[in-house]
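The file data-v4.csv comes next; it holds CSV, C-alpha atoms and all ligand atoms.
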chain,number,residue,atom,x,y,z
A,5,MET,CA,5.0,-3.0,16.5
A,6,VAL,CA,2.4,-0.3,17.4
A,7,THR,CA,3.6,3.2,16.7
A,8,GLY,CA,1.5,5.7,18.6
A,9,MET,CA,-2.0,4.1,18.4
A,10,VAL,CA,-1.4,2.6,14.9
A,11,ARG,CA,-0.9,-1.1,14.2
A,12,THR,CA,1.8,-1.8,11.7
A,13,LEU,CA,0.8,-3.2,8.3
A,14,ILE,CA,3.2,-5.3,6.2
A,15,ALA,CA,1.8,-5.4,2.7
A,16,GLY,CA,3.1,-7.3,-0.3
A,17,ASN,CA,2.5,-6.1,-3.8
A,18,TRP,CA,3.1,-9.0,-6.1
A,19,LYS,CA,2.5,-6.9,-9.3
A,20,MET,CA,2.2,-9.2,-12.4
A,21,ASN,CA,3.9,-12.1,-10.8
A,22,GLY,CA,2.6,-15.4,-9.5
A,23,LEU,CA,0.9,-18.5,-10.9
A,24,LYS,CA,-1.1,-21.2,-9.1
A,25,SER,CA,2.3,-22.8,-8.2
A,26,SER,CA,3.0,-19.7,-6.1
A,27,LEU,CA,0.2,-20.7,-3.7
A,28,SER,CA,2.9,-22.7,-1.8
A,29,GLU,CA,4.5,-19.4,-0.8
A,30,VAL,CA,1.2,-18.4,0.7
A,31,GLU,CA,0.9,-21.6,2.6
A,32,LYS,CA,4.4,-20.9,4.0
A,33,ILE,CA,3.4,-17.4,5.0
A,34,VAL,CA,0.2,-18.6,6.7
A,35,SER,CA,2.1,-21.1,8.8
A,36,ALA,CA,5.0,-18.7,9.6
A,37,LEU,CA,2.5,-16.0,10.8
A,38,ASP,CA,1.4,-18.4,13.5
A,39,SER,CA,5.0,-18.5,14.9
A,40,HIS,CA,5.0,-14.7,15.3
A,41,ALA,CA,3.2,-12.5,17.8
A,42,ASP,CA,0.0,-11.1,16.4
A,43,GLU,CA,1.2,-7.6,16.7
A,44,ALA,CA,1.1,-6.4,13.1
A,45,ASP,CA,-1.2,-7.0,10.1
A,46,CYS,CA,0.0,-8.9,7.0
A,47,LEU,CA,-1.5,-8.4,3.6
A,48,ILE,CA,-0.7,-9.8,0.1
A,49,CYS,CA,-2.0,-8.1,-3.0
A,50,PRO,CA,-1.6,-10.8,-5.7
A,51,PRO,CA,-2.7,-10.6,-9.3
A,52,ALA,CA,-6.5,-10.8,-9.5
A,53,THR,CA,-6.3,-14.4,-10.8
A,54,LEU,CA,-5.0,-15.5,-7.4
A,55,ILE,CA,-7.3,-13.6,-5.0
A,56,VAL,CA,-9.8,-16.4,-4.6
A,57,PRO,CA,-7.4,-19.3,-4.1
A,58,MET,CA,-5.2,-17.2,-1.8
A,59,HIS,CA,-8.3,-16.1,0.2
A,60,GLU,CA,-9.3,-19.8,0.6
A,61,ARG,CA,-5.9,-20.5,2.1
A,62,ALA,CA,-5.3,-17.3,4.1
A,63,GLY,CA,-6.6,-18.3,7.5
A,64,ALA,CA,-7.3,-15.6,10.2
A,65,ARG,CA,-4.0,-13.7,10.1
A,66,LEU,CA,-3.3,-13.1,6.4
A,67,LYS,CA,-5.3,-10.6,4.5
A,68,ILE,CA,-5.6,-10.6,0.7
A,69,GLY,CA,-5.9,-7.5,-1.4
A,70,ALA,CA,-5.9,-6.3,-5.1
A,71,GLN,CA,-3.8,-4.0,-7.1
A,72,SER,CA,-6.3,-1.7,-8.8
A,73,CYS,CA,-10.1,-1.4,-9.5
A,74,HIS,CA,-12.5,0.4,-11.7
A,75,PRO,CA,-14.5,3.3,-10.2
A,76,GLU,CA,-17.9,1.9,-11.3
A,77,ALA,CA,-19.6,-1.0,-9.5
A,78,PHE,CA,-20.5,-3.0,-12.7
A,79,GLY,CA,-21.1,-2.4,-16.4
A,80,ALA,CA,-19.6,-2.5,-19.8
A,81,PHE,CA,-16.0,-2.1,-18.9
A,82,THR,CA,-14.1,-4.9,-20.7
A,83,GLY,CA,-11.2,-6.2,-18.8
A,84,ASP,CA,-11.8,-4.3,-15.6
A,85,LEU,CA,-12.8,-5.4,-12.1
A,86,SER,CA,-14.9,-3.4,-9.6
A,87,ALA,CA,-14.2,-2.9,-5.9
A,88,GLU,CA,-17.5,-4.8,-5.3
A,89,GLN,CA,-16.2,-7.8,-7.3
A,90,LEU,CA,-12.8,-7.7,-5.5
A,91,ASN,CA,-14.7,-7.6,-2.2
A,92,ASP,CA,-16.8,-10.5,-3.3
A,93,ALA,CA,-13.6,-12.4,-4.2
A,94,GLY,CA,-12.2,-11.9,-0.6
A,95,ALA,CA,-10.1,-8.7,-1.0
A,96,THR,CA,-10.0,-6.4,2.0
A,97,HIS,CA,-7.7,-3.8,0.5
A,98,VAL,CA,-7.0,-2.4,-3.0
A,99,ILE,CA,-3.8,-0.5,-4.0
A,100,VAL,CA,-4.8,2.6,-6.0
A,101,GLY,CA,-2.6,5.1,-7.7
A,102,HIS,CA,0.6,2.9,-7.8
A,103,SER,CA,3.2,4.7,-9.9
A,104,GLU,CA,3.2,1.8,-12.4
A,105,ARG,CA,-0.6,2.3,-12.9
A,106,ARG,CA,-0.1,6.1,-13.2
A,107,SER,CA,2.7,5.7,-15.8
A,108,GLU,CA,1.6,2.6,-17.7
A,109,HIS,CA,-2.1,3.2,-17.7
A,110,GLY,CA,-2.3,7.0,-17.5
A,111,GLU,CA,-4.2,6.9,-14.3
A,112,ARG,CA,-4.3,10.5,-13.0
A,113,SER,CA,-5.0,11.6,-9.5
A,114,ALA,CA,-8.6,12.5,-10.1
A,115,TYR,CA,-9.2,8.9,-11.3
A,116,VAL,CA,-7.3,7.6,-8.3
A,117,GLN,CA,-9.6,9.5,-6.0
A,118,GLU,CA,-12.6,7.9,-7.8
A,119,GLN,CA,-11.1,4.5,-7.3
A,120,ALA,CA,-10.6,5.3,-3.6
A,121,HIS,CA,-14.2,6.3,-3.3
A,122,ALA,CA,-15.2,3.1,-5.1
A,123,CYS,CA,-13.3,1.1,-2.5
A,124,LEU,CA,-15.0,2.9,0.4
A,125,ARG,CA,-18.4,2.3,-1.3
A,126,ALA,CA,-17.6,-1.4,-1.5
A,127,GLY,CA,-16.3,-1.7,2.1
A,128,ILE,CA,-12.7,-2.1,1.0
A,129,VAL,CA,-9.7,-0.2,2.4
A,130,PRO,CA,-7.9,1.8,-0.4
A,131,ILE,CA,-4.1,2.0,-0.2
A,132,VAL,CA,-3.4,5.3,-1.9
A,133,CYS,CA,0.1,5.5,-3.3
A,134,VAL,CA,2.2,8.7,-3.9
A,135,GLY,CA,5.8,9.5,-4.7
A,136,GLU,CA,8.1,11.9,-6.4
A,137,SER,CA,10.3,11.3,-9.4
A,138,PHE,CA,14.1,11.5,-9.2
A,139,ALA,CA,14.1,14.8,-11.1
A,140,GLN,CA,11.5,16.2,-8.6
A,141,LYS,CA,13.7,15.1,-5.7
A,142,GLN,CA,16.8,16.7,-7.2
A,143,ARG,CA,14.9,20.0,-7.6
A,144,GLY,CA,14.0,19.9,-3.9
A,145,GLU,CA,10.3,19.3,-4.8
A,146,THR,CA,9.6,16.1,-2.9
A,147,LYS,CA,7.3,17.4,-0.2
A,148,ASP,CA,5.4,19.8,-2.5
A,149,THR,CA,4.9,17.0,-5.1
A,150,VAL,CA,3.7,14.5,-2.5
A,151,ILE,CA,1.2,17.0,-1.0
A,152,ARG,CA,-0.1,18.1,-4.4
A,153,ILE,CA,-0.7,14.6,-5.6
A,154,LEU,CA,-2.3,13.5,-2.3
A,155,ARG,CA,-4.7,16.4,-2.2
A,156,LYS,CA,-6.1,15.3,-5.5
A,157,SER,CA,-5.9,11.5,-4.9
A,158,LEU,CA,-7.2,11.1,-1.3
A,159,PRO,CA,-10.9,10.3,-0.8
A,160,THR,CA,-13.4,12.3,1.1
A,161,LEU,CA,-13.7,9.9,4.0
A,162,GLY,CA,-17.3,10.4,5.1
A,163,SER,CA,-18.0,8.2,8.0
A,164,SER,CA,-15.3,5.7,7.2
A,165,ASP,CA,-11.9,5.6,8.9
A,166,SER,CA,-10.6,3.0,6.5
A,167,LEU,CA,-7.7,4.4,4.5
A,168,VAL,CA,-4.0,3.6,4.1
A,169,VAL,CA,-1.4,5.9,2.4
A,170,ALA,CA,1.8,4.6,0.9
A,171,TYR,CA,4.8,6.9,0.2
A,172,GLU,CA,6.8,5.3,-2.6
A,173,PRO,CA,9.5,7.5,-4.1
A,174,LEU,CA,9.5,6.5,-7.8
A,175,TRP,CA,13.2,6.3,-8.0
A,176,ALA,CA,13.3,3.8,-5.1
A,177,ILE,CA,10.9,1.3,-6.6
A,178,GLY,CA,12.7,-1.8,-7.8
A,179,THR,CA,16.1,-0.1,-7.8
A,180,GLY,CA,17.7,-1.0,-4.5
A,181,LEU,CA,17.9,2.7,-3.7
A,182,VAL,CA,16.2,4.0,-0.5
A,183,PRO,CA,15.9,7.6,0.9
A,184,SER,CA,17.8,8.3,4.1
A,185,ALA,CA,15.9,7.8,7.4
A,186,ASP,CA,15.7,11.6,7.9
A,187,GLU,CA,14.2,12.0,4.4
A,188,ILE,CA,11.6,9.3,5.0
A,189,ALA,CA,10.8,10.9,8.4
A,190,GLU,CA,10.3,14.3,6.9
A,191,VAL,CA,8.0,13.1,4.1
A,192,HIS,CA,6.0,10.9,6.5
A,193,LEU,CA,5.5,13.8,9.0
A,194,THR,CA,4.4,16.0,6.1
A,195,ILE,CA,1.8,13.4,5.1
A,196,ARG,CA,0.7,13.0,8.7
A,197,ASN,CA,0.1,16.7,9.0
A,198,LEU,CA,-1.9,16.7,5.8
A,199,LEU,CA,-4.0,13.7,7.0
A,200,ILE,CA,-4.8,15.6,10.2
A,201,GLU,CA,-5.7,18.7,8.3
A,202,LEU,CA,-8.0,16.7,6.0
A,203,TYR,CA,-9.5,14.2,8.5
A,204,GLN,CA,-8.9,15.8,11.9
A,205,GLU,CA,-8.3,13.3,14.7
A,206,ARG,CA,-8.9,10.4,12.4
A,207,GLY,CA,-5.8,11.5,10.4
A,208,ALA,CA,-3.6,10.7,13.4
A,209,SER,CA,-4.4,6.9,13.1
A,210,ILE,CA,-4.3,6.5,9.3
A,211,ARG,CA,-1.5,4.2,8.4
A,212,ILE,CA,1.3,5.6,6.3
A,213,LEU,CA,3.4,2.9,4.7
A,214,TYR,CA,6.9,3.3,3.2
A,215,GLY,CA,7.5,1.5,-0.2
A,216,GLY,CA,10.5,1.3,-2.5
A,217,SER,CA,13.2,-1.4,-2.1
A,218,MET,CA,12.2,-2.4,1.4
A,219,LYS,CA,14.1,-5.6,2.2
A,220,PRO,CA,14.9,-7.9,5.2
A,221,THR,CA,18.2,-6.0,5.5
A,222,ASN,CA,16.7,-2.5,5.8
A,223,ALA,CA,13.2,-3.1,7.2
A,224,ALA,CA,14.0,-2.8,10.9
A,225,GLU,CA,15.6,0.6,10.4
A,226,ILE,CA,12.8,1.9,8.1
A,227,LEU,CA,10.0,0.6,10.3
A,228,ALA,CA,11.5,2.3,13.4
A,229,ILE,CA,11.1,5.8,11.8
A,230,ASP,CA,8.4,8.1,13.2
A,231,ASN,CA,5.1,7.9,11.3
A,232,VAL,CA,6.2,4.9,9.3
A,233,ASN,CA,3.3,2.5,10.1
A,234,GLY,CA,4.4,-0.4,7.8
A,235,GLY,CA,5.7,-1.2,4.4
A,236,LEU,CA,4.5,-1.8,0.8
A,237,ILE,CA,6.9,-4.4,-0.5
A,238,GLY,CA,7.3,-5.5,-4.1
A,239,GLY,CA,10.2,-7.7,-5.0
A,240,ALA,CA,10.9,-8.9,-1.5
A,241,SER,CA,7.3,-10.0,-0.9
A,242,LEU,CA,7.4,-12.7,-3.6
A,243,LYS,CA,9.3,-15.1,-1.3
A,244,ALA,CA,7.7,-16.2,1.9
A,245,ASP,CA,11.1,-16.1,3.8
A,246,ASP,CA,11.8,-12.5,2.8
A,247,LEU,CA,8.3,-11.3,3.6
A,248,MET,CA,8.4,-13.0,6.9
A,249,ALA,CA,11.8,-11.6,7.8
A,250,ILE,CA,10.3,-8.1,7.2
A,251,TYR,CA,7.3,-9.1,9.3
A,252,ALA,CA,9.6,-10.3,12.1
A,253,ALA,CA,11.3,-6.9,12.1
A,254,ALA,CA,7.8,-5.3,12.5
A,255,VAL,CA,6.9,-7.3,15.6
A,256,ALA,CA,10.4,-7.4,17.2
B,301,LIG,P1,9.9,-2.8,-4.6
B,301,LIG,O1,8.4,-2.3,-5.1
B,301,LIG,O2,9.7,-3.2,-3.2
B,301,LIG,O3,10.2,-4.0,-5.5
B,301,LIG,O4,10.8,-1.7,-4.7
B,301,LIG,C1,7.6,-1.6,-4.2
B,301,LIG,C2,6.3,-1.2,-4.9
B,301,LIG,O5,6.3,-0.9,-6.1
B,301,LIG,O6,5.2,-1.3,-4.3
What is this file in structure tokens?
Amino acid sequence: MVTGMVRTLIAGNWKMNGLKSSLSEVEKIVSALDSHADEADCLICPPATLIVPMHERAGARLKIGAQSCHPEAFGAFTGDLSAEQLNDAGATHVIVGHSERRSEHGERSAYVQEQAHACLRAGIVPIVCVGESFAQKQRGETKDTVIRILRKSLPTLGSSDSLVVAYEPLWAIGTGLVPSADEIAEVHLTIRNLLIELYQERGASIRILYGGSMKPTNAAEILAIDNVNGGLIGGASLKADDLMAIYAAAVA
């Protein structure tokens, strides 16, 4: 599916799931991709331990990404990985500012912006995540919240046009709850307008993913919404069959 001039991206976020035994799911995805038209991109962001073996199995159609990075290129940062190291391991994308990183690790928007700049420095595409809490939604603050967070989190692009934004309502992540199509359309249009304000014509072709309980059963409807250029999928990306059912909806 190509909405406007933008090629759809189906991205799986495996979070802290997956062992070497999960590589069989990747092999299934790689062979299933060959049976679908090459009309959308497919990415999996596994835990860092699996980036290298997945990249070795990925073939030409599956991209491999990471779930976070340190802003610095190298140094005394025990337990961290830099964008350069992730690039070296074969990652093409890094998720930054996921709500679980923001809440569990105290990563604030200014830090997320530094991470995004680190990705661009290393030649990696940052996937910048944003979303409102249920309380903010109930107070009617969804769009203001999304804009406020994005203004602080988005990178200065420089000469690059490599950026993906993911709208993930916090209350929809892992809950089975999903906003209405109208609500998603409104937020994605708001994000699109901000991207055009910040990056001029380049902003029109930056992919805006929807994330939060996307499943084979709702993917076609969500992916058909204006300015939805793909999905960031957690739970349903762990099984090759589910992820490929979502991919099939994207290329239908
Ligand atoms: P979910 O997670 O699809 O399991 O709701 C999405 C995400 O957190 O990226």
Inset, instruction - Compare A:Leu47, A:Ile212, A:Leu158, A:Ala62 by their minimum atom-to-atom distance to His121 in chain A, counting all atoms listed in the file, and give me the closest one. - result: A:Leu158
Within 12 Å of range 227-237 of chain A: each range 66-128 of chain A residue with its shortest pair, only C-alpha atoms, as JSON lines:
{"residue": "A:Gln71", "atom": "CA", "partner": "A:Leu236", "partner_atom": "CA", "distance": 11.7}
{"residue": "A:Ile99", "atom": "CA", "partner": "A:Leu236", "partner_atom": "CA", "distance": 9.7}
{"residue": "A:His102", "atom": "CA", "partner": "A:Leu236", "partner_atom": "CA", "distance": 10.5}
Grab the residues selected above and save them as a compact mmCIF listing (two decimals), keeping the file's coordinate frame with C-alpha atoms.
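Written out: out_9.txt:
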# COMPACT_ATOMS: atom_id res chain seq x y z
CA GLN A 71 -3.80 -4.00 -7.10
CA ILE A 99 -3.80 -0.50 -4.00
CA HIS A 102 0.60 2.90 -7.80
Legend entry - Who sits within 6 Å of Ala120 in chain A, only C-alpha atoms, same chain under 2 positions skipped, as number ranges by chain: A: 117-118, 122-123, 130, 159
Inset, instruction - Choose the residue, out of A:Gly239, A:Pro75, A:Pro173, A:Gly101, that has the smallest atom-to-atom separation from ligand LIG 301 (chain B); count only C-alpha atoms and all ligand atoms. - result: A:Gly239
Mind running chain A against ligand LIG 301 (chain B) at 7 Å and telling me each contacting residue's nearest atom pair with the distance in Å (one decimal), counting only C-alpha atoms and all ligand atoms, chain and number ascending, as CSV?
residue,atom,partner,partner_atom,distance
A:Asn17,CA,B:LIG301,O6,5.5
A:Glu172,CA,B:LIG301,C2,6.9
A:Ala176,CA,B:LIG301,O4,6.1
A:Ile177,CA,B:LIG301,O4,3.6
A:Gly178,CA,B:LIG301,O4,3.6
A:Thr179,CA,B:LIG301,O4,6.3
A:Gly180,CA,B:LIG301,O4,6.9
A:Gly215,CA,B:LIG301,C1,5.1
A:Gly216,CA,B:LIG301,O4,3.7
A:Ser217,CA,B:LIG301,O4,3.6
A:Met218,CA,B:LIG301,O2,5.3
A:Leu236,CA,B:LIG301,O6,5.2
A:Ile237,CA,B:LIG301,O2,4.1
A:Gly238,CA,B:LIG301,O2,3.4
A:Gly239,CA,B:LIG301,O3,3.7
A:Ala240,CA,B:LIG301,O2,6.1
Inset, instruction - Tell me, in Å to one decimal, how far CA of Met20 in chain A is from CA of Ser113 in chain A. - result: 22.2 Å
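When all atoms listed in the file are used to compute distances to Ser209 in chain A, the closest of the residues A:Leu85, A:Ile33, A:Met9, A:Ala170 turns out to be A:Met9.
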Inset, instruction - May I have the protein, DNA and RNA residues with any atom at most 7 Å from the point (3.9, -6.4, 6.9), counting all atoms listed in the file, written as number ranges by chain? - result: A: 12-15, 44-47, 234-235, 250-251, 254
Inset, instruction - Give as number ranges by chain every residue, naming chains and numbers as the document does, that has an atom within 12 Å of (-6.8, 13.0, -12.9), counting all atoms listed in the file. - result: A: 101, 106, 109-119, 152-158
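Comparing the minimum interatomic distances between Gly144 in chain A and each of A:Leu124, A:Glu187, A:His97, A:Val168, counting all atoms listed in the file, we find that A:Glu187 sits nearest.
Of the listed residues A:Asn222, A:Asn91, A:Gln140, A:Ser241, the one whose atoms come nearest to Asn21 in chain A is A:Ser241, with distances taken using all atoms listed in the file.
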Inset, instruction - Could you tell me how far CA of Trp175 in chain A lies from CA of Phe138 in chain A, in Å and to one decimal? - result: 5.4 Å
Would you mind completing range 207-221 of chain A so that it carries N, CA, C and O atoms, and writing it out as an mmCIF file, in the frame of the given file?
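Saved to result30.cif:
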data_model
loop_
_atom_site.group_PDB
_atom_site.id
_atom_site.type_symbol
_atom_site.label_atom_id
_atom_site.label_comp_id
_atom_site.auth_asym_id
_atom_site.auth_seq_id
_atom_site.Cartn_x
_atom_site.Cartn_y
_atom_site.Cartn_z
ATOM 1 N N GLY A 207 -7.081 11.452 11.191
ATOM 2 C CA GLY A 207 -5.800 11.500 10.400
ATOM 3 C C GLY A 207 -4.633 11.022 11.211
ATOM 4 O O GLY A 207 -3.625 10.597 10.630
ATOM 5 N N ALA A 208 -4.741 11.064 12.536
ATOM 6 C CA ALA A 208 -3.600 10.700 13.400
ATOM 7 C C ALA A 208 -3.421 9.140 13.361
ATOM 8 O O ALA A 208 -2.334 8.646 13.666
ATOM 9 N N SER A 209 -4.489 8.395 13.030
ATOM 10 C CA SER A 209 -4.400 6.900 13.100
ATOM 11 C C SER A 209 -4.414 6.253 11.730
ATOM 12 O O SER A 209 -4.456 5.029 11.640
ATOM 13 N N ILE A 210 -4.400 7.051 10.662
ATOM 14 C CA ILE A 210 -4.300 6.500 9.300
ATOM 15 C C ILE A 210 -2.900 5.950 9.090
ATOM 16 O O ILE A 210 -1.930 6.663 9.352
ATOM 17 N N ARG A 211 -2.788 4.726 8.591
ATOM 18 C CA ARG A 211 -1.500 4.200 8.400
ATOM 19 C C ARG A 211 -0.756 4.760 7.196
ATOM 20 O O ARG A 211 -1.351 4.875 6.135
ATOM 21 N N ILE A 212 0.495 5.114 7.398
ATOM 22 C CA ILE A 212 1.300 5.600 6.300
ATOM 23 C C ILE A 212 2.450 4.584 6.109
ATOM 24 O O ILE A 212 3.315 4.413 6.974
ATOM 25 N N LEU A 213 2.401 3.877 4.965
ATOM 26 C CA LEU A 213 3.400 2.900 4.700
ATOM 27 C C LEU A 213 4.561 3.499 3.898
ATOM 28 O O LEU A 213 4.367 4.435 3.137
ATOM 29 N N TYR A 214 5.752 2.933 4.071
ATOM 30 C CA TYR A 214 6.900 3.300 3.200
ATOM 31 C C TYR A 214 6.993 2.168 2.155
ATOM 32 O O TYR A 214 6.920 0.975 2.503
ATOM 33 N N GLY A 215 7.229 2.512 0.883
ATOM 34 C CA GLY A 215 7.500 1.500 -0.200
ATOM 35 C C GLY A 215 8.595 1.941 -1.073
ATOM 36 O O GLY A 215 8.780 3.128 -1.353
ATOM 37 N N GLY A 216 9.345 0.970 -1.558
ATOM 38 C CA GLY A 216 10.500 1.300 -2.500
ATOM 39 C C GLY A 216 11.711 0.563 -1.934
ATOM 40 O O GLY A 216 12.364 1.063 -1.022
ATOM 41 N N SER A 217 11.998 -0.641 -2.486
ATOM 42 C CA SER A 217 13.200 -1.400 -2.100
ATOM 43 C C SER A 217 13.286 -1.704 -0.620
ATOM 44 O O SER A 217 14.382 -1.751 -0.059
ATOM 45 N N MET A 218 12.134 -1.926 0.024
ATOM 46 C CA MET A 218 12.200 -2.400 1.400
ATOM 47 C C MET A 218 12.567 -3.906 1.346
ATOM 48 O O MET A 218 12.007 -4.662 0.554
ATOM 49 N N LYS A 219 13.534 -4.279 2.201
ATOM 50 C CA LYS A 219 14.100 -5.600 2.200
ATOM 51 C C LYS A 219 14.276 -6.111 3.634
ATOM 52 O O LYS A 219 14.267 -5.289 4.545
ATOM 53 N N PRO A 220 14.540 -7.407 3.813
ATOM 54 C CA PRO A 220 14.900 -7.900 5.200
ATOM 55 C C PRO A 220 16.012 -7.090 5.789
ATOM 56 O O PRO A 220 16.050 -6.867 6.994
ATOM 57 N N THR A 221 16.964 -6.646 4.956
ATOM 58 C CA THR A 221 18.200 -6.000 5.500
ATOM 59 C C THR A 221 17.914 -4.545 5.951
ATOM 60 O O THR A 221 18.672 -4.031 6.773
#
